[in-house]
Amino acid sequence: MGKGIERAKGTIRFSFKESKSKLEANKSLQSLIFLFFSYGNKRFKYSTGYKACLNDWDVKKQRIKNKVGIKDKDKINEELSELESFLYNEYAMISKEAKNASNELLKYRLDVFTKKIIPNQEINANLTFFQVIDKYISEKENQISIITIRSYKQTKKRLEEYEKHYNKKLMYDYIDINFYNEFKAFMELNKYSLNTIGKHIKTIKTFLGYALSEGYTNNQKFKSKDFKVVKEITTEIYLTDKEIKKMHDKDLSKYPVLEHARDVFLIGCYTGQRISDYNNLSGNDIVKNNEIEFFKIRQKKNRKYNREVLCPITKEIKDIMNSRHDGKPPRTIAESILNDSIKQVGQMLEWDELIKCEYTRGGKVVVEMVEKYNLIKSHTARRSFCTNKYKAGMSVYDIMLFSGHTTEKEFYKYIRIKDEERASHIASSGFFNV
């Protein structure tokens with residue numbers, strides 16, 4: 001019976017960091033004393049911070065021998081007993097509360113007990129790792145776009161999967177470069193692309209910054225230069241003005257779903273907006289200024305800046321609205337349907353030129369040749385607008401007035417203009433006597 005109870009609450013022993021054979025070869029060698037705890041099928045070790053040698057150690061009692069001349073033996077033995085008692089009590093309490101005991105949680109409790117970590121008493125320090133994330137998402141829900149909220153929730157899901165895969169308990173005080181490397185390896189194992197991994201790491205850093213600022217942790221290891229957001233430039237296409245016109249003129253009356261998707265996509269090509277904006281326009285967004293009609297759009301992604309843009313309603317847009325949509329913008333369509341449909345339209349237009357695509361997935365560089373129509377997606381519309389206006393000679397500042405880009409640096413990364421085209425654009429902008 002006694003043994004059964006002991007197994008239920010786990011078993012603690014104290015021993016040295018160095019191997020038994022090494023210590024027996026030199027019985028005066030000082031070695032760190034570790035606490036070893038076995039519970040369920042798990043093993044946990046914790047440094048006591050104290051050292052001793054085999055000559056001064058009672059192996060049976062697992063304490064410093066009661067010998068004259070051993071400095072602080074009573075203090076060390078007392079603290080070893082306190083550690084043992086505390087850990088048994090904490091493990092019993094965690095088990096009673098039906099919480100999932102883990103090495104990370106036990107280490108945290110011992111670190112607090114030994115004052116290695118001093119939690120902020122002014123806040124609810126009992127919130128778990130994921131409860132703090134939920135709190136952050138809840139606070140941000142009315143301040144940022146639905147797309148960003150969805151991205152935050154996806155990162156949370158990946159972290160939950162990571163925790164389950166490694167059988168670990170995530171805690172803010174122990175997020176370090178080892179976690180970073182392990183999380184990155186986990187994502188690569190699951191065949192995620194490098195940019196997707198980078199997006200999740202960026203969000204994790206956001207979560208950690210919030211936890212730090214709100215006092216849930218003092219850990220700043222995520223600010224290390226090694227805890228970096230990984231990313232690479234991938235192959236993205238744009239449609240030329242000529243290709244956009246060809247798509248506009250294509251008779252799709254026999255294919256109403258494709259026709260609808262094409263019309264929504266073209267609105268994006270003519271306005272330069274993100275799909276979250278060009279796919280949600282209505283008659284209420286139409287305004288007049290000096291007899292010119294505009295879409296007045298409050299951009300969802302820039303909602304915290306209260307960013308509004310005026311997009312001219314071109315003759316092409318009016319043709320789309322008047323021909324098939326009762327003078328209004330096309331009704332909203334599911335993004336997945338739009339992406340599938342617009343690829344079909346591109347295929348019907350025979351845009352089957354092979355494009356070389358290079359990207360990193362699962363930690364390996366992938367090179368493949370992809371038909372141009374298979375690279376068309378909802379965001380191609382916005383990229384096409386910006387690139388075509390730039391090539392036509394419109395100033396970056398004026399394009400950004402419509403697109404909503406906040407910096408020229410981001411704009412130039414975005415449009416994927418070749419260096420030769422950019423040089424030609426700058427040379428013809430009046431800065432050189434050519």
# chains A, B, ... in the order shown; residues from 1 in each chain; ligands from 1

call {"tool": "select_by_dssp", "arguments": {"residues": "stretch 274-343 of chain A", "states": "strand (DSSP E or B)", "output": "PyMOL selection string"}}
result
chain A and resi 286-289+292-298+308-312

call {"tool": "write_last_selection", "arguments": {"atoms": "C-alpha atoms", "output": "mmCIF file, in the first residue's frame"}}
result
data_model
loop_
_atom_site.group_PDB
_atom_site.id
_atom_site.type_symbol
_atom_site.label_atom_id
_atom_site.label_comp_id
_atom_site.auth_asym_id
_atom_site.auth_seq_id
_atom_site.Cartn_x
_atom_site.Cartn_y
_atom_site.Cartn_z
ATOM 1 C CA ILE A 286 -19.991 55.369 -54.015
ATOM 2 C CA VAL A 287 -19.436 59.117 -53.557
ATOM 3 C CA LYS A 288 -19.100 62.080 -55.936
ATOM 4 C CA ASN A 289 -16.403 64.730 -55.921
ATOM 5 C CA ILE A 292 -16.228 62.265 -60.566
ATOM 6 C CA GLU A 293 -17.482 59.095 -58.884
ATOM 7 C CA PHE A 294 -15.268 57.311 -56.374
ATOM 8 C CA PHE A 295 -15.394 54.330 -54.048
ATOM 9 C CA LYS A 296 -14.803 55.694 -50.561
ATOM 10 C CA ILE A 297 -13.091 52.829 -48.744
ATOM 11 C CA ARG A 298 -12.030 52.586 -45.130
ATOM 12 C CA GLU A 308 -9.695 56.061 -45.940
ATOM 13 C CA VAL A 309 -8.942 56.064 -49.662
ATOM 14 C CA LEU A 310 -10.871 57.395 -52.653
ATOM 15 C CA CYS A 311 -10.652 55.094 -55.687
ATOM 16 C CA PRO A 312 -11.897 56.551 -58.992
#

call {"tool": "select_by_dssp", "arguments": {"residues": "stretch 181-327 of chain A", "states": "helix (DSSP H, G or I)", "output": "ChimeraX atom specification"}}
result
/A:181-189,194-213,221-223,241-249,256-271,275-278,283-285,303-305,315-324

call {"tool": "closest_residue", "arguments": {"among": "A:Ile76, A:Lys250, A:Ile237, A:Asp176", "to": "A:Lys225", "atoms": "only C-alpha atoms"}}
result
A:Asp176

call {"tool": "atom_distance", "arguments": {"atom1": "atom CA of A:Ile149", "atom2": "atom CA of A:Gly363"}}
result
27.0 Å

call {"tool": "residues_around", "arguments": {"residues": "stretch 161-172 of chain A", "least_positions_apart": "5", "cutoff": "9 Å", "atoms": "only C-alpha atoms", "output": "PDB file with N, CA and C atoms, in the first residue's frame"}}
result
ATOM      1  N   ASN A 100      -2.746  19.413 -15.924  1.00  0.00           N
ATOM      2  CA  ASN A 100      -1.749  18.579 -16.561  1.00  0.00           C
ATOM      3  C   ASN A 100      -0.372  18.945 -16.018  1.00  0.00           C
ATOM      4  N   ALA A 101       0.177  18.100 -15.132  1.00  0.00           N
ATOM      5  CA  ALA A 101       1.505  18.360 -14.594  1.00  0.00           C
ATOM      6  C   ALA A 101       2.523  18.196 -15.705  1.00  0.00           C
ATOM      7  N   SER A 102       3.519  19.051 -15.710  1.00  0.00           N
ATOM      8  CA  SER A 102       4.559  18.977 -16.729  1.00  0.00           C
ATOM      9  C   SER A 102       5.863  19.458 -16.123  1.00  0.00           C
ATOM     10  N   ASN A 103       6.963  19.122 -16.766  1.00  0.00           N
ATOM     11  CA  ASN A 103       8.269  19.568 -16.280  1.00  0.00           C
ATOM     12  C   ASN A 103       8.355  21.093 -16.233  1.00  0.00           C
ATOM     13  N   GLU A 104       7.759  21.745 -17.267  1.00  0.00           N
ATOM     14  CA  GLU A 104       7.809  23.205 -17.331  1.00  0.00           C
ATOM     15  C   GLU A 104       7.051  23.835 -16.163  1.00  0.00           C
ATOM     16  N   LEU A 105       5.876  23.271 -15.851  1.00  0.00           N
ATOM     17  CA  LEU A 105       5.074  23.809 -14.747  1.00  0.00           C
ATOM     18  C   LEU A 105       5.773  23.572 -13.412  1.00  0.00           C
ATOM     19  N   TYR A 108       8.645  25.948 -13.069  1.00  0.00           N
ATOM     20  CA  TYR A 108       8.172  27.305 -12.780  1.00  0.00           C
ATOM     21  C   TYR A 108       7.852  27.440 -11.284  1.00  0.00           C
ATOM     22  N   THR A 128      -2.760  31.050 -17.691  1.00  0.00           N
ATOM     23  CA  THR A 128      -1.868  30.167 -18.422  1.00  0.00           C
ATOM     24  C   THR A 128      -1.337  30.861 -19.674  1.00  0.00           C
ATOM     25  N   PHE A 129      -0.400  30.225 -20.324  1.00  0.00           N
ATOM     26  CA  PHE A 129       0.196  30.733 -21.564  1.00  0.00           C
ATOM     27  C   PHE A 129      -0.890  31.076 -22.578  1.00  0.00           C
ATOM     28  N   PHE A 130      -1.813  30.148 -22.791  1.00  0.00           N
ATOM     29  CA  PHE A 130      -2.839  30.359 -23.815  1.00  0.00           C
ATOM     30  C   PHE A 130      -3.950  31.295 -23.344  1.00  0.00           C
ATOM     31  N   LYS A 156      -1.937  30.567 -32.615  1.00  0.00           N
ATOM     32  CA  LYS A 156      -2.269  29.902 -31.355  1.00  0.00           C
ATOM     33  C   LYS A 156      -2.468  28.401 -31.577  1.00  0.00           C
ATOM     34  N   GLU A 182      13.149  24.687 -31.857  1.00  0.00           N
ATOM     35  CA  GLU A 182      12.271  23.516 -31.817  1.00  0.00           C
ATOM     36  C   GLU A 182      10.957  23.791 -32.549  1.00  0.00           C
ATOM     37  N   PHE A 183      10.400  24.991 -32.358  1.00  0.00           N
ATOM     38  CA  PHE A 183       9.153  25.354 -33.035  1.00  0.00           C
ATOM     39  C   PHE A 183       9.374  25.420 -34.546  1.00  0.00           C
ATOM     40  N   PHE A 186       9.603  21.959 -35.832  1.00  0.00           N
ATOM     41  CA  PHE A 186       8.260  21.354 -35.839  1.00  0.00           C
ATOM     42  C   PHE A 186       7.478  21.803 -37.069  1.00  0.00           C
ATOM     43  N   MET A 187       7.560  23.092 -37.393  1.00  0.00           N
ATOM     44  CA  MET A 187       6.855  23.615 -38.557  1.00  0.00           C
ATOM     45  C   MET A 187       7.430  23.034 -39.852  1.00  0.00           C
ATOM     46  N   LEU A 208       4.507  37.547 -27.063  1.00  0.00           N
ATOM     47  CA  LEU A 208       5.508  37.643 -26.002  1.00  0.00           C
ATOM     48  C   LEU A 208       5.713  39.095 -25.556  1.00  0.00           C
ATOM     49  N   ALA A 211       2.846  39.870 -23.280  1.00  0.00           N
ATOM     50  CA  ALA A 211       3.015  39.229 -21.963  1.00  0.00           C
ATOM     51  C   ALA A 211       4.047  39.978 -21.124  1.00  0.00           C
ATOM     52  N   LEU A 212       5.106  40.467 -21.778  1.00  0.00           N
ATOM     53  CA  LEU A 212       6.141  41.226 -21.069  1.00  0.00           C
ATOM     54  C   LEU A 212       5.605  42.572 -20.598  1.00  0.00           C
ATOM     55  N   TYR A 216       3.232  39.597 -17.226  1.00  0.00           N
ATOM     56  CA  TYR A 216       3.066  38.153 -17.063  1.00  0.00           C
ATOM     57  C   TYR A 216       4.406  37.427 -17.084  1.00  0.00           C
ATOM     58  N   THR A 217       5.442  38.128 -17.498  1.00  0.00           N
ATOM     59  CA  THR A 217       6.787  37.557 -17.522  1.00  0.00           C
ATOM     60  C   THR A 217       7.803  38.687 -17.544  1.00  0.00           C
ATOM     61  N   ASN A 218       9.018  38.367 -17.123  1.00  0.00           N
ATOM     62  CA  ASN A 218      10.138  39.306 -17.256  1.00  0.00           C
ATOM     63  C   ASN A 218      11.111  38.829 -18.325  1.00  0.00           C
ATOM     64  N   ASN A 219      10.752  37.745 -18.977  1.00  0.00           N
ATOM     65  CA  ASN A 219      11.621  37.111 -19.958  1.00  0.00           C
ATOM     66  C   ASN A 219      11.691  37.945 -21.250  1.00  0.00           C
TER      67      ASN A 219
END

call {"tool": "residues_around", "arguments": {"residues": "A:Ile204", "least_positions_apart": "4", "cutoff": "12 Å", "atoms": "only C-alpha atoms", "output": "PyMOL selection string"}}
result
chain A and resi 129-130+133+136+151-159+172+175-176+179-180+183-184+197-200+208-211+222-223+227-229

call {"tool": "write_last_selection", "arguments": {"atoms": "C-alpha atoms", "output": "PDB file, in the first residue's frame"}}
result
ATOM      1  CA  PHE A 129       0.196  30.733 -21.564  1.00  0.00           C
ATOM      2  CA  PHE A 130      -2.839  30.359 -23.815  1.00  0.00           C
ATOM      3  CA  ILE A 133      -2.997  34.904 -25.709  1.00  0.00           C
ATOM      4  CA  TYR A 136      -4.648  39.693 -26.009  1.00  0.00           C
ATOM      5  CA  SER A 151      -3.884  34.958 -38.290  1.00  0.00           C
ATOM      6  CA  TYR A 152      -3.433  35.281 -34.494  1.00  0.00           C
ATOM      7  CA  LYS A 153      -5.773  32.347 -33.919  1.00  0.00           C
ATOM      8  CA  GLN A 154      -3.898  30.245 -36.472  1.00  0.00           C
ATOM      9  CA  THR A 155      -0.629  30.895 -34.623  1.00  0.00           C
ATOM     10  CA  LYS A 156      -2.269  29.902 -31.355  1.00  0.00           C
ATOM     11  CA  LYS A 157      -3.398  26.632 -32.980  1.00  0.00           C
ATOM     12  CA  ARG A 158       0.139  25.917 -34.235  1.00  0.00           C
ATOM     13  CA  LEU A 159       1.477  26.491 -30.700  1.00  0.00           C
ATOM     14  CA  TYR A 172       6.313  32.515 -20.911  1.00  0.00           C
ATOM     15  CA  ILE A 175      10.517  30.844 -24.123  1.00  0.00           C
ATOM     16  CA  ASP A 176      14.081  31.015 -25.436  1.00  0.00           C
ATOM     17  CA  PHE A 179      11.982  26.905 -28.113  1.00  0.00           C
ATOM     18  CA  TYR A 180      12.525  28.986 -31.266  1.00  0.00           C
ATOM     19  CA  PHE A 183       9.153  25.354 -33.035  1.00  0.00           C
ATOM     20  CA  LYS A 184      10.830  26.085 -36.376  1.00  0.00           C
ATOM     21  CA  ILE A 197       6.898  29.915 -40.414  1.00  0.00           C
ATOM     22  CA  GLY A 198       8.115  33.529 -40.346  1.00  0.00           C
ATOM     23  CA  LYS A 199       4.559  34.833 -40.105  1.00  0.00           C
ATOM     24  CA  HIS A 200       3.891  32.641 -37.054  1.00  0.00           C
ATOM     25  CA  LEU A 208       5.508  37.643 -26.002  1.00  0.00           C
ATOM     26  CA  GLY A 209       5.781  41.428 -26.183  1.00  0.00           C
ATOM     27  CA  TYR A 210       2.265  41.711 -24.771  1.00  0.00           C
ATOM     28  CA  ALA A 211       3.015  39.229 -21.963  1.00  0.00           C
ATOM     29  CA  PHE A 222      12.582  36.687 -27.604  1.00  0.00           C
ATOM     30  CA  LYS A 223      14.229  40.068 -28.316  1.00  0.00           C
ATOM     31  CA  PHE A 227      14.959  34.949 -32.383  1.00  0.00           C
ATOM     32  CA  LYS A 228      14.368  36.368 -35.850  1.00  0.00           C
ATOM     33  CA  VAL A 229      11.423  36.437 -38.235  1.00  0.00           C
TER      34      VAL A 229
END

call {"tool": "residues_around", "arguments": {"residues": "A:Lys27", "least_positions_apart": "5", "cutoff": "7 Å", "atoms": "only C-alpha atoms", "output": "CSV table (one decimal) with C-alpha atoms, in the first residue's frame"}}
result
chain,number,residue,atom,x,y,z
A,53,CYS,CA,31.7,15.6,-3.0
A,54,LEU,CA,31.2,11.9,-2.5
A,55,ASN,CA,33.3,11.9,0.7
